[in-house]
There are 2 protein chains.
Amino acid sequence: MSSSSSSSNAAESIAVAARQAFEASQLVEVGQRDVALGAIRKVLESKREEVLAANKKDMEAAEALAAEGKLSKTLVSRLDLSRPGKYDSMLQGITDVAALPAPTGLVTFAKELGPGLDLYRVTCPVGVLLVIFEARPEVVVNIAALAIKSGNAAILKGGKESIHTATLLSSLIGEALSTTSIPSTFIQSVSTRSEISSLLAQDKYIDLVMPRGGNELVRSIQNNTRIPVMGHADGICAVYVDESAKEEKAVRVVVESKIDYMAACNSAETLLIHSSLLDTLWPRIASALFSHNVCLRCDPSTLSAIKDHPDTSRLATASSETDYHTEFLGPTLAVKTVGSVSEAIKHINSHSSHHTDSIITEDESAMSAWCRGLDSANCFVNASTRFADGTRYGLGTEVGISTGKTHARGPVGLDGLVIYKYMMRSKTEGGSLIADHEKGEGKYTHKDLPREQPPF
Amino acid sequence: MSSSSSSSNAAESIAVAARQAFEASQLVEVGQRDVALGAIRKVLESKREEVLAANKKDMEAAEALAAEGKLSKTLVSRLDLSRPGKYDSMLQGITDVAALPAPTGLVTFAKELGPGLDLYRVTCPVGVLLVIFEARPEVVVNIAALAIKSGNAAILKGGKESIHTATLLSSLIGEALSTTSIPSTFIQSVSTRSEISSLLAQDKYIDLVMPRGGNELVRSIQNNTRIPVMGHADGICAVYVDESAKEEKAVRVVVESKIDYMAACNSAETLLIHSSLLDTLWPRIASALFSHNVCLRCDPSTLSAIKDHPDTSRLATASSETDYHTEFLGPTLAVKTVGSVSEAIKHINSHSSHHTDSIITEDESAMSAWCRGLDSANCFVNASTRFADGTRYGLGTEVGISTGKTHARGPVGLDGLVIYKYMMRSKTEGGSLIADHEKGEGKYTHKDLPREQPPF
């Protein structure tokens with residue numbers, strides 16, 4: 001057997017096991033999911049030393065690579081579960097997820113179709129998730145908790161640098177589940193890229209892929225599967241300073257959107273300036289950005305307007321078209337002049353990643369045009385782009401951020417992990433037939449029913 | 001220029017035009033969509049003779065093919081717009097869609113994140129739709145109306161036998177739109193398969209593909225695009241007769257589910273019989289099916305239980321495994337014995353197309369297991385599978401039926417053509433920053449706001 005077909009057989013076994021675990025779990029009472037989360041917390045509490053020992057192995061390997069310059073220090077630091085408070089906050093995360101309301105079993109539509117025939121639309125898990133994420137071992141636990149809470153089986157793949165920690169955490173989760181009514185294969189993990197490519201072919205068993213990670217990862221997954229993919233490839237966010245913008249607002253929002261956390265997907269990468277502000281507000285904004293050592297890639301008008309600023313020669317250069325399509329993830333900002341809010345919207349719709357964009361304005365009609373005309377998940381008025389986040393939105397938790405146009409968009413909470421099914425119940429003596437309702441005078445009533453709870 | 005690159009350039013132009021039309025339409029008041037629908041109705045009313053003349057061309061070509069046995073009579077009859085009442089009902093359809101409530105601009109979540117910072121989640125169109133459908137010219141008008149009502153631009157491709165009618169209808173729709181505030185390229189149509197394959201590569205501009213048609217079409221589209229696909233490939237629906245089933249219900253529901261309209265995707269293709277009923281209820285059901293000339297493909301137990309029935313030799317044969325994966329779309333039914341409701345659920349989850357399945361039972365726990373354990377869009381109790389339909393559900397209209405697990409599932413109405421965006425508005429003097437809310441004691445309130453209307 002070739003290695004590719006053996007990896008594809010292994011992938012199929014994992015996918016089938018996940019599917020079976022999902023199907024078996026559908027008959028388990030929803031409250032048992034929280035019991036399972038409690039069991040996981042307990043096992044992880046008792047195995048703290050073992051987990052930290054596995055994490056130490058990952059850390060040593062990562063530090064060696066970092067010393068050779070082959071790995072970033074940020075990655076090494078994210079890998080570290082032994083930082084003060086880190087392990088406890090991972091455990092607390094499980095309890096927090098358990099405390100959220102269950103997103104399944106909610107009735108979103110209920111109608112009596114006709115006498116004795118009731119139809120309910122009820123939220124339910126999507127099924128089997130494949131989640132691919134960065135080398136942060138606590139994410140294994142976080143995603144497992146979200147999957148269990150929402151009733152979805154999950155196959156997890158963390159960044160390879162976290163392999164010892166992630167493998168152990170995943171096996172401890174399985175161990176904990178085996179003492180509960182949720183099947184132990186409800187959460188599984190894989191450790192290699194080749195397993196992922198084989199899993200992407202298992203569209204019969206896997207319902208949704210959620211890649212968290214760089215552009216390249218996300219696009220390669222989108223190109224290689226017919227399973228629906230939820231996530232975002234880029235975060236090219238813009239701030240537009242409108243004609244009517246107030247100085248303080250503009251400076252504060254632009255600066256925070258750029259510098260608060262430059263590696264985040266919701267940080268600003270593009271700044272659009274209304275042409276009427278070139279000689280007034282724009283130089284003040286530029287000056288504030290310079291004071292944070294932000295490099296500006298400017299179009300001719302914005303560059304010329306700040307040519308006399310002492311920092312311009314050091315920090316500002318002429319922009320190219322590519323700059324307006326770039327996620328810098330660092331101290332660089334592309335700047336461009338626009339003549340109107342509609343020109344700003346057009347620029348963003350054709351250059352951004354449809355993630356988060358903010359307008360600075362006092363003009364109600366500009367606000368309205370912005371929020372309606374922009375084809376972005378998060379359309380902000382006078383607020384920092386950094387607010388685009390599930391926790392900040394009060395969603396309880398965040399599975400990821402989606403820039404897609406179907407299923408879920410923007411910060412995705414637990415309700416992005418559910419879909420619905422229709423349940424219909426006939427209460428008539430002879431069962432319900434189309435013939436009873438459509439022959440003669442017809443007997444559809446289509447009367448709304450109370451939505452308190454599902455019929456079963 | 002090669003013909004494939006010219007068709008791909010043409011596809012890109014169409015997709016870009018659709019995108020631009022969509023974006024331009026976002027600033028048009030929602031009520032104008034109904035005005036546009038009125039204009040379309042008026043133009044189609046005034047051009048009835050021209051449309052019927054174009055339809056006559058299609059009919060003549062189709063009848064010639066049918067005479068050579070190259071086209072089915074059903075297809076020819078569906079093509080015919082001159083049947084009494086047909087044209088008027090197409091026109092009335094436009095008015096009916098206009099009368100539905102708009103699915104966009106609805107607030108589904110509203111929270112004050114903190115003092116002076118309000119977040120709204122508001123439904124909005126998905127964007128640009130690519131809809132591929134059968135050779136039924138009135139579907140052009142129907143889909144155009146649904147797209148306009150929901151604010152989505154659409155590119156339409158009807159079956160090639162309807163080309164003259166579809167092309168004219170589509171150009172009349174464009175003509176009508178050009179007199180309104182909705183761009184005339186909001187609805188476009190293409191006529192060849194090669195244009196479709198080029199359009200499937202335009203994921204930058206097209207947001208959702210909806211193929212209506214056979215299994216082969218749907219799978220080939222799923223395999224050849226990274227645009228999300230909504231629809232269903234198969235309709236392999238089952239009826240399960242449980243131990244506690246009452247005779248009259250069982251016979252009525254099984255028979256209607258099978259014979260009401262055998263070519264429909266929500267007709268039964270599989271019948272599962274509880275083993276306790278082999279010598280009692282099963283022969284009566286078989287007899288009822290025989291009386292409608294339904295051929296039965298039976299497993300050994302069900303076949304042996306009816307071996308003495310006079311019609312068995314004529315209409316019943318032994319089944320193969322393939323029969324349980326087959327959408328017969330005609331007078332054939334695969335029959336199998338199962339030992340319990342959970343065995344029935346397992347069979348259906350692994351053999352069906354997750355479309356619609358019905359249980360016949362008097363047992364509450366069986367009903368509950370059925371509706372929770374079955375991974376199907378429509379889980380029915382004591383009712384005909386034929387109820388799975390948007391109009392019968394009272395959704396107002398139906399875009400199609402989805403067996404997918406994300407975005408929309410089951411019969412899809414107008415609300416399956418929308419997604420949402422987040423709109424956030426800061427009302428504070430200096431704009432809203434993360435720093436204001438997370439430094440010091442923290443100021444997130446996450447207080448629910450009224451959901452009456454969007455902020456802009």
# chains A, B, ... in the order shown; residues from 1 in each chain; ligands from 1
>>> closest_atom_pairs(of="chain A", to="chain B", cutoff="7 Å", atoms="only C-alpha atoms", output="tab-separated table")
residue	atom	partner	partner_atom	distance
A:Glu23	CA	B:Gly373	CA	6.5
A:Gln26	CA	B:Gly373	CA	5.2
A:Leu27	CA	B:Gly373	CA	5.9
A:Leu113	CA	B:Tyr393	CA	6.6
A:Val126	CA	B:Lys405	CA	5.7
A:Asp207	CA	B:Lys405	CA	6.4
A:Gln222	CA	B:Arg226	CA	6.1
A:Asn223	CA	B:Arg226	CA	6.3
A:Arg226	CA	B:Gln222	CA	6.1
A:Pro228	CA	B:Pro228	CA	6.7
A:Glu248	CA	B:Gly430	CA	5.9
A:Lys249	CA	B:Gly430	CA	4.5
A:Val253	CA	B:Leu433	CA	6.5
A:Glu256	CA	B:Leu433	CA	6.9
A:Ser368	CA	B:Phe456	CA	4.8
A:Ala369	CA	B:Leu27	CA	6.5
A:Cys371	CA	B:Met423	CA	6.3
A:Arg372	CA	B:Gln26	CA	6.0
A:Gly373	CA	B:Gln26	CA	5.3
A:Ala377	CA	B:Lys421	CA	4.9
A:Asn378	CA	B:Tyr422	CA	4.7
A:Cys379	CA	B:Met423	CA	4.9
A:Phe380	CA	B:Met424	CA	4.6
A:Val381	CA	B:Arg425	CA	4.8
A:Asn382	CA	B:Gly431	CA	5.0
A:Ala383	CA	B:Ser432	CA	4.5
A:Ser384	CA	B:Leu433	CA	5.3
A:Arg386	CA	B:Ile434	CA	6.8
A:Phe387	CA	B:Ile434	CA	6.6
A:Tyr393	CA	B:Leu113	CA	6.6
A:Gly394	CA	B:His446	CA	5.8
A:Lys405	CA	B:Val126	CA	5.7
A:Thr406	CA	B:His407	CA	5.6
A:His407	CA	B:His407	CA	3.7
A:Arg409	CA	B:Tyr420	CA	6.8
A:Ile419	CA	B:Thr406	CA	6.1
A:Tyr420	CA	B:Arg409	CA	6.8
A:Lys421	CA	B:Ala377	CA	4.9
A:Tyr422	CA	B:Asn378	CA	4.7
A:Met423	CA	B:Cys379	CA	4.9
A:Met424	CA	B:Phe380	CA	4.6
A:Arg425	CA	B:Val381	CA	4.8
A:Ser426	CA	B:Asn382	CA	5.5
A:Gly430	CA	B:Lys249	CA	4.5
A:Gly431	CA	B:Lys249	CA	4.8
A:Ser432	CA	B:Ala383	CA	4.5
A:Leu433	CA	B:Ser384	CA	5.3
A:Ile434	CA	B:Phe387	CA	6.6
A:His446	CA	B:Gly394	CA	5.8
A:Phe456	CA	B:Ser368	CA	4.8
>>> write_last_selection(atoms="N, CA and C atoms", output="short mmCIF file (atom, residue, chain, number, x, y, z; two decimals), in the first residue's frame")
data_model
loop_
_atom_site.label_atom_id
_atom_site.label_comp_id
_atom_site.auth_asym_id
_atom_site.auth_seq_id
_atom_site.Cartn_x
_atom_site.Cartn_y
_atom_site.Cartn_z
N GLU A 23 -23.21 11.02 15.46
CA GLU A 23 -24.56 10.45 15.37
C GLU A 23 -25.00 9.84 16.70
N GLN A 26 -26.26 12.36 19.30
CA GLN A 26 -27.51 13.09 19.07
C GLN A 26 -28.63 12.66 20.01
N LEU A 27 -28.51 11.44 20.54
CA LEU A 27 -29.57 10.97 21.42
C LEU A 27 -29.23 11.22 22.89
N LEU A 113 -49.30 23.79 9.98
CA LEU A 113 -49.52 23.84 8.53
C LEU A 113 -51.01 23.70 8.22
N VAL A 126 -24.02 21.28 13.45
CA VAL A 126 -23.70 21.09 12.03
C VAL A 126 -23.30 19.64 11.78
N ASP A 207 -18.47 18.01 7.79
CA ASP A 207 -19.45 19.01 7.33
C ASP A 207 -18.90 20.42 7.20
N GLN A 222 -9.32 26.10 0.74
CA GLN A 222 -10.47 26.41 -0.12
C GLN A 222 -10.34 25.77 -1.49
N ASN A 223 -9.09 25.70 -1.98
CA ASN A 223 -8.88 25.16 -3.32
C ASN A 223 -8.92 23.64 -3.37
N ARG A 226 -14.36 20.08 -1.18
CA ARG A 226 -15.70 20.57 -1.43
C ARG A 226 -16.51 20.68 -0.15
N PRO A 228 -17.69 22.83 2.95
CA PRO A 228 -17.74 24.28 3.20
C PRO A 228 -16.61 24.72 4.14
N GLU A 248 -10.10 65.09 16.99
CA GLU A 248 -9.71 64.19 18.08
C GLU A 248 -10.14 62.74 17.77
N LYS A 249 -11.40 62.61 17.35
CA LYS A 249 -11.90 61.28 16.99
C LYS A 249 -11.01 60.63 15.95
N VAL A 253 -8.97 57.23 16.70
CA VAL A 253 -9.42 55.98 16.08
C VAL A 253 -8.39 55.45 15.08
N GLU A 256 -5.33 54.04 17.17
CA GLU A 256 -5.56 52.75 17.83
C GLU A 256 -5.79 51.63 16.82
N SER A 368 -24.78 56.33 6.95
CA SER A 368 -25.74 55.43 6.36
C SER A 368 -25.19 54.80 5.08
N ALA A 369 -24.59 55.63 4.22
CA ALA A 369 -24.01 55.09 2.98
C ALA A 369 -22.92 54.07 3.31
N CYS A 371 -22.52 52.12 6.07
CA CYS A 371 -22.99 50.85 6.62
C CYS A 371 -23.80 50.05 5.61
N ARG A 372 -24.44 50.73 4.68
CA ARG A 372 -25.22 49.99 3.69
C ARG A 372 -24.38 49.62 2.47
N GLY A 373 -23.48 50.53 2.08
CA GLY A 373 -22.75 50.32 0.82
C GLY A 373 -21.52 49.43 0.94
N ALA A 377 -17.94 42.57 6.73
CA ALA A 377 -18.62 41.91 7.84
C ALA A 377 -18.90 42.90 8.97
N ASN A 378 -17.99 43.83 9.21
CA ASN A 378 -18.13 44.78 10.31
C ASN A 378 -17.97 46.20 9.78
N CYS A 379 -19.05 46.97 9.83
CA CYS A 379 -19.04 48.34 9.31
C CYS A 379 -19.16 49.27 10.52
N PHE A 380 -18.08 49.98 10.84
CA PHE A 380 -18.03 50.76 12.07
C PHE A 380 -18.12 52.25 11.78
N VAL A 381 -18.68 52.99 12.73
CA VAL A 381 -18.74 54.44 12.64
C VAL A 381 -18.06 55.03 13.87
N ASN A 382 -16.98 55.76 13.65
CA ASN A 382 -16.25 56.45 14.71
C ASN A 382 -15.73 55.52 15.81
N ALA A 383 -15.38 54.30 15.42
CA ALA A 383 -14.88 53.36 16.42
C ALA A 383 -13.69 52.60 15.87
N SER A 384 -12.85 52.16 16.76
CA SER A 384 -11.63 51.43 16.40
C SER A 384 -11.97 50.09 15.74
N ARG A 386 -10.45 47.54 16.01
CA ARG A 386 -10.05 46.47 16.94
C ARG A 386 -11.23 45.89 17.72
N PHE A 387 -12.39 46.55 17.65
CA PHE A 387 -13.56 46.00 18.34
C PHE A 387 -14.12 44.73 17.68
N TYR A 393 -17.81 41.74 21.38
CA TYR A 393 -19.20 41.85 20.93
C TYR A 393 -20.18 41.27 21.96
N GLY A 394 -19.64 40.59 22.96
CA GLY A 394 -20.54 39.98 23.95
C GLY A 394 -21.17 38.69 23.47
N LYS A 405 -19.62 34.93 2.89
CA LYS A 405 -20.92 35.57 2.73
C LYS A 405 -22.07 34.62 3.02
N THR A 406 -21.77 33.39 3.44
CA THR A 406 -22.86 32.47 3.78
C THR A 406 -22.64 31.93 5.18
N HIS A 407 -23.70 31.38 5.75
CA HIS A 407 -23.71 30.73 7.06
C HIS A 407 -23.46 31.73 8.21
N ARG A 409 -20.98 35.29 9.55
CA ARG A 409 -20.12 36.37 9.07
C ARG A 409 -19.66 37.21 10.26
N ILE A 419 -26.81 24.62 12.75
CA ILE A 419 -27.72 24.81 11.64
C ILE A 419 -29.09 24.43 12.20
N TYR A 420 -30.05 24.13 11.37
CA TYR A 420 -31.34 23.74 11.91
C TYR A 420 -31.88 22.55 11.11
N LYS A 421 -32.86 21.90 11.69
CA LYS A 421 -33.61 20.92 10.90
C LYS A 421 -35.09 21.18 11.13
N TYR A 422 -35.90 20.72 10.21
CA TYR A 422 -37.34 20.82 10.37
C TYR A 422 -37.86 19.53 10.99
N MET A 423 -38.72 19.67 12.00
CA MET A 423 -39.38 18.50 12.59
C MET A 423 -40.88 18.70 12.39
N MET A 424 -41.52 17.71 11.83
CA MET A 424 -42.96 17.86 11.60
C MET A 424 -43.70 16.71 12.26
N ARG A 425 -44.80 17.05 12.92
CA ARG A 425 -45.55 16.04 13.66
C ARG A 425 -47.02 16.08 13.26
N SER A 426 -47.49 14.92 12.83
CA SER A 426 -48.92 14.82 12.54
C SER A 426 -49.63 14.28 13.77
N GLY A 430 -55.37 9.52 10.89
CA GLY A 430 -54.89 8.70 9.77
C GLY A 430 -53.53 9.12 9.25
N GLY A 431 -52.80 9.95 10.02
CA GLY A 431 -51.55 10.49 9.49
C GLY A 431 -51.87 11.64 8.55
N SER A 432 -50.88 12.45 8.21
CA SER A 432 -51.16 13.62 7.36
C SER A 432 -50.67 13.41 5.94
N LEU A 433 -51.56 13.63 5.00
CA LEU A 433 -51.22 13.52 3.59
C LEU A 433 -51.42 14.86 2.89
N ILE A 434 -50.66 15.06 1.83
CA ILE A 434 -50.88 16.19 0.94
C ILE A 434 -52.34 16.18 0.48
N HIS A 446 -51.32 27.57 8.08
CA HIS A 446 -50.07 28.33 8.25
C HIS A 446 -50.17 29.32 9.41
N PHE A 456 -39.96 17.51 20.30
CA PHE A 456 -39.42 16.22 20.76
C PHE A 456 -38.15 16.42 21.57
#
>>> select_by_dssp(residues="range 153-272 of chain B", states="strand (DSSP E or B)", output="PyMOL selection string")
chain B and resi 153-157+187-189+208-211+229+237-241+268-272
>>> atom_distance(atom1="CA of Gly213 in chain B", atom2="CA of Ser198 in chain A")
29.2 Å
>>> atom_distance(atom1="CA of Leu106 in chain B", atom2="CA of Val412 in chain A")
18.6 Å
>>> closest_atom_pairs(of="range 190-244 of chain A", to="range 331-334 of chain A", cutoff="12 Å", atoms="only C-alpha atoms", output="JSON lines")
{"residue": "A:Ile236", "atom": "CA", "partner": "A:Ala334", "partner_atom": "CA", "distance": 10.5}
{"residue": "A:Cys237", "atom": "CA", "partner": "A:Leu333", "partner_atom": "CA", "distance": 10.5}
{"residue": "A:Ala238", "atom": "CA", "partner": "A:Ala334", "partner_atom": "CA", "distance": 9.3}
{"residue": "A:Val239", "atom": "CA", "partner": "A:Leu333", "partner_atom": "CA", "distance": 10.5}
{"residue": "A:Tyr240", "atom": "CA", "partner": "A:Ala334", "partner_atom": "CA", "distance": 11.8}
>>> closest_residue(among="B:Glu50, B:Asp415, B:Glu175, B:Glu161", to="Ser191 in chain B", atoms="only C-alpha atoms")
B:Glu161
>>> atom_distance(atom1="CA of Arg212 in chain B", atom2="CA of Gly231 in chain B")
6.7 Å
>>> select_by_dssp(residues="range 348-453 of chain A", states="alpha helix (DSSP H)", output="number ranges by chain")
A: 348-351, 364-373, 434-438
